[in-house]
$ cat final_20.cif   # mmCIF, N, CA and C atoms
data_data
loop_
_atom_site.label_atom_id
_atom_site.label_comp_id
_atom_site.auth_asym_id
_atom_site.auth_seq_id
_atom_site.Cartn_x
_atom_site.Cartn_y
_atom_site.Cartn_z
N VAL B 27 21.75 -24.55 38.10
CA VAL B 27 22.46 -23.37 37.62
C VAL B 27 23.31 -22.79 38.75
N GLN B 28 24.55 -22.47 38.44
CA GLN B 28 25.43 -21.87 39.43
C GLN B 28 26.08 -20.63 38.84
N LEU B 29 26.06 -19.57 39.62
CA LEU B 29 26.66 -18.29 39.20
C LEU B 29 27.83 -18.01 40.14
N VAL B 30 28.99 -17.76 39.56
CA VAL B 30 30.17 -17.48 40.37
C VAL B 30 30.76 -16.15 39.94
N GLU B 31 30.64 -15.17 40.83
CA GLU B 31 31.18 -13.84 40.56
C GLU B 31 32.56 -13.70 41.19
N SER B 32 33.42 -12.94 40.54
CA SER B 32 34.76 -12.71 41.08
C SER B 32 35.29 -11.39 40.53
N GLY B 33 36.42 -10.96 41.07
CA GLY B 33 37.09 -9.77 40.57
C GLY B 33 36.95 -8.54 41.44
N GLY B 34 36.15 -8.62 42.49
CA GLY B 34 36.00 -7.49 43.37
C GLY B 34 37.25 -7.25 44.20
N GLY B 35 37.22 -6.17 44.98
CA GLY B 35 38.36 -5.86 45.83
C GLY B 35 38.24 -4.47 46.40
N LEU B 36 39.33 -4.03 47.01
CA LEU B 36 39.41 -2.70 47.60
C LEU B 36 40.23 -1.81 46.67
N VAL B 37 39.64 -0.70 46.26
CA VAL B 37 40.33 0.24 45.39
C VAL B 37 40.12 1.65 45.90
N GLN B 38 40.99 2.54 45.49
CA GLN B 38 40.81 3.95 45.83
C GLN B 38 39.84 4.60 44.86
N SER B 39 39.26 5.70 45.30
CA SER B 39 38.37 6.46 44.43
C SER B 39 39.08 6.80 43.12
N GLY B 40 38.39 6.59 42.01
CA GLY B 40 38.97 6.78 40.70
C GLY B 40 39.56 5.52 40.10
N GLY B 41 39.63 4.47 40.87
CA GLY B 41 40.22 3.22 40.40
C GLY B 41 39.30 2.40 39.54
N SER B 42 39.80 1.24 39.11
CA SER B 42 39.06 0.37 38.20
C SER B 42 39.12 -1.07 38.68
N LEU B 43 38.11 -1.81 38.33
CA LEU B 43 38.05 -3.25 38.56
C LEU B 43 37.31 -3.89 37.40
N LYS B 44 37.60 -5.17 37.15
CA LYS B 44 36.82 -5.91 36.16
C LYS B 44 36.23 -7.13 36.84
N LEU B 45 34.92 -7.19 36.87
CA LEU B 45 34.20 -8.28 37.50
C LEU B 45 33.87 -9.35 36.46
N SER B 46 33.93 -10.60 36.90
CA SER B 46 33.60 -11.72 36.02
C SER B 46 32.46 -12.53 36.64
N CYS B 47 31.66 -13.10 35.78
CA CYS B 47 30.57 -13.99 36.21
C CYS B 47 30.60 -15.21 35.31
N ILE B 48 30.93 -16.34 35.89
CA ILE B 48 30.95 -17.60 35.15
C ILE B 48 29.68 -18.37 35.50
N VAL B 49 28.96 -18.76 34.46
CA VAL B 49 27.69 -19.45 34.64
C VAL B 49 27.86 -20.92 34.27
N SER B 50 27.37 -21.78 35.12
CA SER B 50 27.37 -23.21 34.81
C SER B 50 25.97 -23.76 34.98
N GLY B 51 25.68 -24.85 34.28
CA GLY B 51 24.37 -25.49 34.39
C GLY B 51 23.35 -25.02 33.38
N MET B 52 23.71 -24.07 32.55
CA MET B 52 22.84 -23.60 31.48
C MET B 52 23.70 -22.84 30.46
N ASP B 53 23.18 -22.72 29.26
CA ASP B 53 23.82 -21.90 28.23
C ASP B 53 23.23 -20.49 28.30
N ILE B 54 24.09 -19.50 28.40
CA ILE B 54 23.60 -18.13 28.59
C ILE B 54 23.15 -17.49 27.28
N GLY B 55 23.45 -18.12 26.15
CA GLY B 55 23.33 -17.45 24.87
C GLY B 55 21.96 -16.90 24.51
N SER B 56 20.90 -17.51 24.98
CA SER B 56 19.56 -17.09 24.57
C SER B 56 18.96 -16.03 25.47
N TYR B 57 19.70 -15.62 26.47
CA TYR B 57 19.11 -14.79 27.52
C TYR B 57 19.81 -13.45 27.69
N THR B 58 19.02 -12.51 28.20
CA THR B 58 19.59 -11.24 28.66
C THR B 58 20.20 -11.46 30.03
N TRP B 59 21.42 -10.92 30.22
CA TRP B 59 22.09 -11.05 31.51
C TRP B 59 22.36 -9.67 32.10
N GLY B 60 22.38 -9.67 33.41
CA GLY B 60 22.55 -8.39 34.08
C GLY B 60 23.52 -8.46 35.25
N TRP B 61 24.04 -7.30 35.60
CA TRP B 61 24.79 -7.12 36.83
C TRP B 61 23.94 -6.28 37.78
N TYR B 62 23.98 -6.66 39.05
CA TYR B 62 23.22 -6.00 40.09
C TYR B 62 24.18 -5.68 41.23
N ARG B 63 23.74 -4.80 42.12
CA ARG B 63 24.56 -4.54 43.30
C ARG B 63 23.66 -4.26 44.49
N GLN B 64 24.21 -4.55 45.67
CA GLN B 64 23.49 -4.28 46.91
C GLN B 64 24.45 -3.67 47.91
N ALA B 65 24.17 -2.44 48.27
CA ALA B 65 24.97 -1.74 49.27
C ALA B 65 24.39 -2.02 50.65
N PRO B 66 25.17 -1.87 51.69
CA PRO B 66 24.67 -2.12 53.05
C PRO B 66 23.43 -1.29 53.35
N GLY B 67 22.39 -1.96 53.83
CA GLY B 67 21.17 -1.27 54.20
C GLY B 67 20.29 -0.85 53.04
N LYS B 68 20.66 -1.24 51.83
CA LYS B 68 19.88 -0.85 50.66
C LYS B 68 19.40 -2.08 49.90
N GLN B 69 18.40 -1.88 49.06
CA GLN B 69 17.90 -2.97 48.23
C GLN B 69 18.84 -3.22 47.05
N ARG B 70 18.79 -4.44 46.56
CA ARG B 70 19.55 -4.77 45.36
C ARG B 70 19.03 -3.96 44.18
N GLU B 71 19.94 -3.45 43.35
CA GLU B 71 19.53 -2.65 42.21
C GLU B 71 20.26 -3.11 40.95
N VAL B 72 19.63 -2.84 39.82
CA VAL B 72 20.22 -3.17 38.54
C VAL B 72 21.34 -2.19 38.22
N VAL B 73 22.46 -2.71 37.74
CA VAL B 73 23.57 -1.87 37.29
C VAL B 73 23.57 -1.78 35.76
N ALA B 74 23.49 -2.92 35.12
CA ALA B 74 23.57 -2.97 33.66
C ALA B 74 22.97 -4.29 33.16
N ARG B 75 22.52 -4.26 31.91
CA ARG B 75 22.01 -5.48 31.27
C ARG B 75 22.58 -5.56 29.86
N ILE B 76 22.71 -6.80 29.38
CA ILE B 76 23.16 -7.02 28.01
C ILE B 76 22.30 -8.11 27.40
N GLY B 77 21.71 -7.82 26.25
CA GLY B 77 20.86 -8.79 25.59
C GLY B 77 21.65 -9.83 24.82
N ASN B 78 20.94 -10.85 24.33
CA ASN B 78 21.62 -11.86 23.52
C ASN B 78 22.05 -11.29 22.18
N ASN B 79 21.56 -10.10 21.84
CA ASN B 79 22.00 -9.39 20.63
C ASN B 79 23.10 -8.38 20.95
N LYS B 80 23.61 -8.43 22.18
CA LYS B 80 24.70 -7.56 22.66
C LYS B 80 24.26 -6.11 22.89
N ILE B 81 22.99 -5.83 22.79
CA ILE B 81 22.51 -4.48 23.10
C ILE B 81 22.57 -4.31 24.62
N THR B 82 23.08 -3.17 25.04
CA THR B 82 23.31 -2.93 26.47
C THR B 82 22.42 -1.81 27.00
N HIS B 83 22.17 -1.87 28.30
CA HIS B 83 21.42 -0.83 28.99
C HIS B 83 22.07 -0.62 30.33
N TYR B 84 22.19 0.65 30.72
CA TYR B 84 22.83 0.99 31.99
C TYR B 84 21.91 1.85 32.84
N SER B 85 21.97 1.65 34.13
CA SER B 85 21.24 2.52 35.04
C SER B 85 21.87 3.90 35.05
N GLY B 86 21.08 4.88 35.42
CA GLY B 86 21.52 6.27 35.31
C GLY B 86 22.78 6.60 36.09
N PHE B 87 22.97 5.97 37.22
CA PHE B 87 24.13 6.30 38.05
C PHE B 87 25.44 5.83 37.43
N VAL B 88 25.37 5.00 36.40
CA VAL B 88 26.61 4.52 35.77
C VAL B 88 27.33 5.66 35.07
N GLU B 89 26.59 6.49 34.38
CA GLU B 89 27.14 7.71 33.76
C GLU B 89 28.39 7.43 32.91
N GLY B 90 28.34 6.34 32.13
CA GLY B 90 29.42 6.05 31.21
C GLY B 90 30.66 5.44 31.82
N ARG B 91 30.63 5.10 33.09
CA ARG B 91 31.81 4.59 33.79
C ARG B 91 31.98 3.08 33.69
N PHE B 92 30.90 2.35 33.48
CA PHE B 92 30.95 0.89 33.48
C PHE B 92 30.65 0.35 32.09
N THR B 93 31.15 -0.85 31.81
CA THR B 93 30.88 -1.52 30.55
C THR B 93 30.57 -2.98 30.81
N ILE B 94 29.40 -3.41 30.33
CA ILE B 94 29.02 -4.82 30.44
C ILE B 94 29.33 -5.51 29.12
N SER B 95 29.80 -6.75 29.20
CA SER B 95 30.10 -7.52 27.99
C SER B 95 29.87 -9.00 28.29
N ARG B 96 29.86 -9.80 27.24
CA ARG B 96 29.60 -11.22 27.40
C ARG B 96 30.33 -12.00 26.34
N ASP B 97 30.62 -13.26 26.66
CA ASP B 97 31.16 -14.22 25.71
C ASP B 97 30.35 -15.49 25.91
N ASP B 98 29.42 -15.73 25.00
CA ASP B 98 28.52 -16.86 25.17
C ASP B 98 29.27 -18.20 25.07
N ALA B 99 30.31 -18.24 24.28
CA ALA B 99 31.09 -19.47 24.15
C ALA B 99 31.75 -19.85 25.47
N LYS B 100 32.08 -18.83 26.26
CA LYS B 100 32.70 -19.06 27.57
C LYS B 100 31.68 -19.04 28.71
N ASN B 101 30.41 -18.81 28.36
CA ASN B 101 29.36 -18.73 29.40
C ASN B 101 29.74 -17.72 30.48
N THR B 102 30.26 -16.59 30.05
CA THR B 102 30.80 -15.62 30.97
C THR B 102 30.29 -14.21 30.64
N VAL B 103 30.01 -13.46 31.69
CA VAL B 103 29.60 -12.07 31.58
C VAL B 103 30.57 -11.24 32.42
N TRP B 104 30.97 -10.09 31.90
CA TRP B 104 31.90 -9.22 32.62
C TRP B 104 31.28 -7.85 32.89
N LEU B 105 31.83 -7.18 33.87
CA LEU B 105 31.47 -5.79 34.13
C LEU B 105 32.76 -5.03 34.43
N GLN B 106 33.14 -4.14 33.53
CA GLN B 106 34.30 -3.29 33.73
C GLN B 106 33.86 -2.05 34.47
N LEU B 107 34.49 -1.79 35.60
CA LEU B 107 34.17 -0.65 36.44
C LEU B 107 35.31 0.34 36.39
N ASN B 108 35.04 1.55 35.94
CA ASN B 108 36.05 2.61 35.88
C ASN B 108 35.60 3.82 36.68
N ASN B 109 36.56 4.63 37.09
CA ASN B 109 36.28 5.87 37.80
C ASN B 109 35.34 5.62 38.99
N LEU B 110 35.70 4.64 39.78
CA LEU B 110 34.86 4.25 40.91
C LEU B 110 34.83 5.33 41.98
N THR B 111 33.73 5.42 42.66
CA THR B 111 33.54 6.34 43.79
C THR B 111 33.10 5.54 45.01
N PRO B 112 33.22 6.11 46.21
CA PRO B 112 32.77 5.39 47.41
C PRO B 112 31.30 4.96 47.33
N GLU B 113 30.49 5.69 46.57
CA GLU B 113 29.07 5.33 46.43
C GLU B 113 28.89 4.04 45.64
N ASP B 114 29.92 3.57 44.98
CA ASP B 114 29.85 2.30 44.25
C ASP B 114 30.15 1.09 45.16
N THR B 115 30.48 1.33 46.39
CA THR B 115 30.75 0.25 47.33
C THR B 115 29.51 -0.61 47.52
N ALA B 116 29.63 -1.89 47.25
CA ALA B 116 28.49 -2.81 47.31
C ALA B 116 28.97 -4.22 47.00
N VAL B 117 28.09 -5.18 47.22
CA VAL B 117 28.30 -6.53 46.70
C VAL B 117 27.66 -6.58 45.32
N TYR B 118 28.42 -7.04 44.34
CA TYR B 118 27.96 -7.09 42.96
C TYR B 118 27.62 -8.53 42.59
N TYR B 119 26.48 -8.68 41.92
CA TYR B 119 25.98 -9.98 41.52
C TYR B 119 25.64 -9.97 40.03
N CYS B 120 25.69 -11.13 39.41
CA CYS B 120 25.16 -11.26 38.06
C CYS B 120 23.95 -12.20 38.12
N ASN B 121 23.09 -12.09 37.10
CA ASN B 121 21.96 -13.01 37.02
C ASN B 121 21.27 -12.87 35.68
N ASP B 122 20.45 -13.85 35.41
CA ASP B 122 19.60 -13.86 34.22
C ASP B 122 18.59 -12.73 34.36
N ALA B 123 18.63 -11.77 33.45
CA ALA B 123 17.74 -10.62 33.52
C ALA B 123 16.54 -10.78 32.58
N SER B 124 16.38 -11.96 32.01
CA SER B 124 15.25 -12.20 31.12
C SER B 124 14.01 -12.55 31.93
N ALA B 125 12.93 -12.82 31.22
CA ALA B 125 11.68 -13.20 31.89
C ALA B 125 11.81 -14.56 32.59
N PHE B 126 12.83 -15.33 32.26
CA PHE B 126 13.03 -16.65 32.86
C PHE B 126 13.83 -16.57 34.16
N GLY B 127 14.41 -15.41 34.45
CA GLY B 127 15.19 -15.25 35.65
C GLY B 127 14.37 -14.70 36.80
N PRO B 128 15.00 -14.45 37.92
CA PRO B 128 16.41 -14.71 38.18
C PRO B 128 16.68 -16.18 38.51
N ARG B 129 17.91 -16.60 38.26
CA ARG B 129 18.38 -17.92 38.68
C ARG B 129 18.81 -17.82 40.16
N PRO B 130 19.13 -18.95 40.78
CA PRO B 130 19.63 -18.86 42.17
C PRO B 130 20.84 -17.92 42.25
N TRP B 131 20.80 -17.00 43.18
CA TRP B 131 21.86 -16.00 43.29
C TRP B 131 23.17 -16.62 43.75
N GLY B 132 24.25 -16.12 43.21
CA GLY B 132 25.57 -16.52 43.67
C GLY B 132 25.95 -15.76 44.92
N GLN B 133 27.22 -15.91 45.31
CA GLN B 133 27.67 -15.26 46.54
C GLN B 133 28.03 -13.79 46.32
N GLY B 134 28.15 -13.40 45.06
CA GLY B 134 28.51 -12.02 44.76
C GLY B 134 29.99 -11.77 44.97
N THR B 135 30.41 -10.58 44.60
CA THR B 135 31.80 -10.17 44.80
C THR B 135 31.80 -8.76 45.38
N GLN B 136 32.56 -8.58 46.46
CA GLN B 136 32.55 -7.31 47.18
C GLN B 136 33.44 -6.28 46.50
N VAL B 137 32.88 -5.12 46.25
CA VAL B 137 33.64 -3.98 45.74
C VAL B 137 33.62 -2.90 46.82
N THR B 138 34.80 -2.50 47.25
CA THR B 138 34.91 -1.46 48.26
C THR B 138 35.80 -0.34 47.71
N VAL B 139 35.26 0.86 47.72
CA VAL B 139 35.98 2.01 47.19
C VAL B 139 36.27 2.99 48.32
N SER B 140 37.52 3.26 48.54
CA SER B 140 37.91 4.19 49.60
C SER B 140 38.09 5.60 49.02
N SER B 141 37.82 6.57 49.86
CA SER B 141 37.93 7.97 49.40
C SER B 141 39.33 8.52 49.57
#
$ encode --input "final_20.cif" --output "structure tokens"
Amino acid sequence: VQLVESGGGLVQSGGSLKLSCIVSGMDIGSYTWGWYRQAPGKQREVVARIGNNKITHYSGFVEGRFTISRDDAKNTVWLQLNNLTPEDTAVYYCNDASAFGPRPWGQGTQVTVSS
């Protein structure tokens, strides 16, 4: 299984980014998938999850700013980030959030938000 995240970058506070996660080596359709992030000096934390029934769950700090989505036919999971703040600066990762995960972690994609 290989996870490839992309779409990160440097944005100003209030900006937006759309992160992509392309999964190879397995079909994502039967599993819950999640986005995670790790800021410097902090532990990795859950950002959002989406079930195979498309039901979503967000961590409290998201506050309606992010949207997780998936296309099982494309084996791809996305995370739309809006109204970003410097506190959102982190490396963002995707992974299998089901009981069968996590899969081997990808390299992540860096999101940096300037004030």
$ closest_residue --input "final_20.cif" --among "B:Thr58, B:Gln136, B:Ser50, B:Gln64" --to "Val27 of chain B" --atoms "only N, CA and C atoms"
B:Ser50
$ resolve_selection --input "final_20.cif" --expression "the PyMOL selection byres ((chain B and resi 57) around 6.5)" --output "list in words"
Asp53, Ile54, Gly55, Ser56, Thr58, Trp59, Ile76, Gly77, Asn78, Ala123 and Ser124 of chain B
$ closest_residue --input "final_20.cif" --among "B:Asn108, B:Ser140, B:Gln38, B:Thr115" --to "Thr93 of chain B" --atoms "only C-alpha atoms"
B:Asn108
$ select_by_dssp --input "final_20.cif" --residues "chain B" --states "strand (DSSP E)" --output "PyMOL selection string"
chain B and resi 28-32+35-38+43-50+59-64+71-76+82-84+92-97+102-107+116-122+135-140
$ resolve_selection --input "final_20.cif" --expression "the PyMOL selection byres ((chain B and resi 103) around 7)" --output "short mmCIF file (atom, residue, chain, number, x, y, z; two decimals) with N, CA and C atoms, in the coordinates of the input"
data_model
loop_
_atom_site.label_atom_id
_atom_site.label_comp_id
_atom_site.auth_asym_id
_atom_site.auth_seq_id
_atom_site.Cartn_x
_atom_site.Cartn_y
_atom_site.Cartn_z
N LEU B 45 34.92 -7.19 36.87
CA LEU B 45 34.20 -8.28 37.50
C LEU B 45 33.87 -9.35 36.46
N SER B 46 33.93 -10.60 36.90
CA SER B 46 33.60 -11.72 36.02
C SER B 46 32.46 -12.53 36.64
N CYS B 47 31.66 -13.10 35.78
CA CYS B 47 30.57 -13.99 36.21
C CYS B 47 30.60 -15.21 35.31
N ILE B 48 30.93 -16.34 35.89
CA ILE B 48 30.95 -17.60 35.15
C ILE B 48 29.68 -18.37 35.50
N VAL B 49 28.96 -18.76 34.46
CA VAL B 49 27.69 -19.45 34.64
C VAL B 49 27.86 -20.92 34.27
N ILE B 94 29.40 -3.41 30.33
CA ILE B 94 29.02 -4.82 30.44
C ILE B 94 29.33 -5.51 29.12
N SER B 95 29.80 -6.75 29.20
CA SER B 95 30.10 -7.52 27.99
C SER B 95 29.87 -9.00 28.29
N ARG B 96 29.86 -9.80 27.24
CA ARG B 96 29.60 -11.22 27.40
C ARG B 96 30.33 -12.00 26.34
N ASP B 97 30.62 -13.26 26.66
CA ASP B 97 31.16 -14.22 25.71
C ASP B 97 30.35 -15.49 25.91
N LYS B 100 32.08 -18.83 26.26
CA LYS B 100 32.70 -19.06 27.57
C LYS B 100 31.68 -19.04 28.71
N ASN B 101 30.41 -18.81 28.36
CA ASN B 101 29.36 -18.73 29.40
C ASN B 101 29.74 -17.72 30.48
N THR B 102 30.26 -16.59 30.05
CA THR B 102 30.80 -15.62 30.97
C THR B 102 30.29 -14.21 30.64
N TRP B 104 30.97 -10.09 31.90
CA TRP B 104 31.90 -9.22 32.62
C TRP B 104 31.28 -7.85 32.89
N LEU B 105 31.83 -7.18 33.87
CA LEU B 105 31.47 -5.79 34.13
C LEU B 105 32.76 -5.03 34.43
#
$ atom_distance --input "final_20.cif" --atom1 "atom CA of Pro112 of chain B" --atom2 "atom CA of Leu29 of chain B"
25.8 Å
$ atom_distance --input "final_20.cif" --atom1 "atom N of Leu107 of chain B" --atom2 "atom C of Asn79 of chain B"
19.7 Å
$ resolve_selection --input "final_20.cif" --expression "the PyMOL selection byres ((chain B and resi 33) around 8)" --output "ChimeraX atom specification"
/B:30-32,34-36,43-47,134-137
$ atom_distance --input "final_20.cif" --atom1 "atom N of Glu113 of chain B" --atom2 "atom C of Thr138 of chain B"
8.1 Å
$ residues_around --input "final_20.cif" --residues "Cys120 of chain B" --least-positions-apart "6" --cutoff "5 Å" --atoms "all atoms listed in the file" --output "list in words"
Gly60, Trp61 and Tyr62 of chain B
